[in-house]
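**Student:** Attaching a single structure in structure tokens format; questions to follow.
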Amino acid sequence: MKFTHLMLIAVLAAVPGCKIVFESDQETTIPEGPEGDNQRNAARLEETFDSQLLPRITGTAVTVAVLKQRLASDGMDALGAEIGNQGSGVGAAWNFSLTDSGTVVAAKLDTSARTVDVDTDGDQKPDLRVQLGPVIRGTALRDVAPFYVFDDFRDQIEFAKLARAVNNRVKASLTIPDGDLIGQTVTFTGVVALKSPKDSLVLTPISVEFTP
């Protein structure tokens, strides 16, 4: 094998303009510019999604009732500093993890941005809206994580692409049953973004489960 290798080098070296590149000498590098954004974000998610992001969400999640009670008693900033995370930029929303269950009282399924409204306290009125995709709006899943820091990104565009990459990864794992969802029980875990305690709760889920 070694003799064959040496003979191949001798033959190729005699060919004008031929450059020998062994497999061990090849390096795969991610471009530093915009063309490398998706690769960098894919690498970030590979490193952090299962090991950091999902445990962060499940480990800090509270019920809808507890979130509302704590917002009223403690205030947005105090509660956010304890169990939430604020997005980058002036006036950015606080992001809180929720886990709860309730009854679907309204559903919008004739769109690519499907949603259900959920009653969690039994009064037949919606307490929050759950996004079901395939179009998932917002950056809550990115911004709930303190380890995704804007200064670590090339620019705002790359940072925005991470939010889309996280949403895309989550929506691929969501299973939504066919048919009418109204009246079904839904159990969910995910994140809401709030700029005010009075804001409506719109949840970006990491998991949903429907039970007839």
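Identifiers in the structure tokens: chain A, B, ... in order shown; residue index from 1 per chain; ligand index from 1 in order shown.
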To test your reading of the structure, identify every residue in segment 13-199 of chain A that backbone DSSP assigns to strand (DSSP E or B), and report it as number ranges by chain.

**Tutor:** A: 62, 85-86, 94-108, 113-119, 128-134, 185-194

**Student:** Write out as a PyMOL selection string the residues lying within 9 Å of Leu162 of chain A, counting only C-alpha atoms and excluding same-chain residues fewer than 4 positions away.

**Tutor:** chain A and resi 37-38+41-42+44-45+139+142+157-158+166-167

**Student:** Could you produce a table of the residues of segment 185-211 of chain A lying within 8 Å of segment 78-102 of chain A, with the nearest pair of atoms per residue and their separation in Å rounded to one decimal, using only C-alpha atoms, ordered by chain and increasing residue number, as CSV?

**Tutor:**
```
residue,atom,partner,partner_atom,distance
A:Thr185,CA,A:Gly102,CA,5.5
A:Val186,CA,A:Ser101,CA,5.5
A:Thr187,CA,A:Ser101,CA,4.1
A:Phe188,CA,A:Thr99,CA,5.6
A:Thr189,CA,A:Thr99,CA,4.2
A:Gly190,CA,A:Leu98,CA,5.5
A:Val191,CA,A:Ser97,CA,4.4
A:Val192,CA,A:Phe96,CA,5.4
A:Ala193,CA,A:Asn95,CA,4.4
A:Leu194,CA,A:Ala93,CA,5.1
A:Lys195,CA,A:Ala93,CA,4.5
```

**Student:** Just write the chosen residues, N, CA, C and O atoms, as an mmCIF file, in the first residue's frame.

**Tutor:**
```
data_model
loop_
_atom_site.group_PDB
_atom_site.id
_atom_site.type_symbol
_atom_site.label_atom_id
_atom_site.label_comp_id
_atom_site.auth_asym_id
_atom_site.auth_seq_id
_atom_site.Cartn_x
_atom_site.Cartn_y
_atom_site.Cartn_z
ATOM 1 N N THR A 185 -58.856 18.251 24.905
ATOM 2 C CA THR A 185 -57.888 18.713 25.893
ATOM 3 C C THR A 185 -56.514 18.777 25.244
ATOM 4 O O THR A 185 -56.109 17.842 24.553
ATOM 5 N N VAL A 186 -55.825 19.873 25.467
ATOM 6 C CA VAL A 186 -54.474 20.014 24.934
ATOM 7 C C VAL A 186 -53.512 20.267 26.087
ATOM 8 O O VAL A 186 -53.760 21.089 26.968
ATOM 9 N N THR A 187 -52.443 19.522 26.103
ATOM 10 C CA THR A 187 -51.358 19.705 27.066
ATOM 11 C C THR A 187 -50.173 20.293 26.309
ATOM 12 O O THR A 187 -49.821 19.799 25.236
ATOM 13 N N PHE A 188 -49.578 21.318 26.852
ATOM 14 C CA PHE A 188 -48.566 22.059 26.093
ATOM 15 C C PHE A 188 -47.421 22.530 26.981
ATOM 16 O O PHE A 188 -47.567 22.712 28.185
ATOM 17 N N THR A 189 -46.289 22.710 26.347
ATOM 18 C CA THR A 189 -45.132 23.361 26.962
ATOM 19 C C THR A 189 -44.533 24.277 25.903
ATOM 20 O O THR A 189 -44.414 23.890 24.729
ATOM 21 N N GLY A 190 -44.173 25.481 26.314
ATOM 22 C CA GLY A 190 -43.606 26.416 25.352
ATOM 23 C C GLY A 190 -43.273 27.753 25.994
ATOM 24 O O GLY A 190 -43.074 27.829 27.212
ATOM 25 N N VAL A 191 -43.247 28.794 25.176
ATOM 26 C CA VAL A 191 -42.776 30.107 25.627
ATOM 27 C C VAL A 191 -43.726 31.195 25.143
ATOM 28 O O VAL A 191 -44.214 31.151 24.008
ATOM 29 N N VAL A 192 -43.980 32.167 26.020
ATOM 30 C CA VAL A 192 -44.728 33.364 25.651
ATOM 31 C C VAL A 192 -43.822 34.573 25.801
ATOM 32 O O VAL A 192 -42.940 34.603 26.668
ATOM 33 N N ALA A 193 -44.033 35.569 24.945
ATOM 34 C CA ALA A 193 -43.276 36.818 25.004
ATOM 35 C C ALA A 193 -44.217 37.936 25.429
ATOM 36 O O ALA A 193 -45.294 38.101 24.842
ATOM 37 N N LEU A 194 -43.817 38.701 26.436
ATOM 38 C CA LEU A 194 -44.665 39.751 26.982
ATOM 39 C C LEU A 194 -43.884 41.060 27.124
ATOM 40 O O LEU A 194 -42.782 41.069 27.668
ATOM 41 N N LYS A 195 -44.490 42.131 26.650
ATOM 42 C CA LYS A 195 -43.945 43.462 26.908
ATOM 43 C C LYS A 195 -44.693 44.163 28.034
ATOM 44 O O LYS A 195 -44.211 45.131 28.597
#
```

**Student:** Atom CA of Leu174 of chain A and atom CA of Thr204 of chain A are how many Å apart?

**Tutor:**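 One can read the atom CA of Leu174 of chain A to atom CA of Thr204 of chain A distance as 11.1 Å.
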
**Student:** Select, from A:Ala113, A:Leu203, A:Val130, A:Ala106, the residue with the minimum atom-to-atom distance to Gln184 of chain A, counting only C-alpha atoms.

**Tutor:**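 The shortest atom-to-atom distance to Gln184 of chain A comes from A:Ala106.
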
**Student:** As a ChimeraX atom specification, which residues of segment 40-195 of chain A does DSSP assign to alpha helix (DSSP H)?

**Tutor:** /A:40-48,54-60,64-74,76-83,140-143,156-171

**Student:** What separation in Å, quoted to one decimal, exists between atom CA of Leu141 of chain A and atom CA of Ile57 of chain A?

**Tutor:**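 Between atom CA of Leu141 of chain A and atom CA of Ile57 of chain A the gap works out to 8.5 Å.
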
**Student:** Between A:Ser200, A:Thr111, A:Thr175, A:Thr63, single out the one closest to Arg129 of chain A, counting only C-alpha atoms.

**Tutor:**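 Looking only at the distances to Arg129 of chain A, the closest residue turns out to be A:Ser200.
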
**Student:** If I take atom CA of Asp119 of chain A and atom CA of Gly138 of chain A, how far is one from the other in Å, to one decimal?

**Tutor:**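 These two atoms are separated by 22.2 Å.
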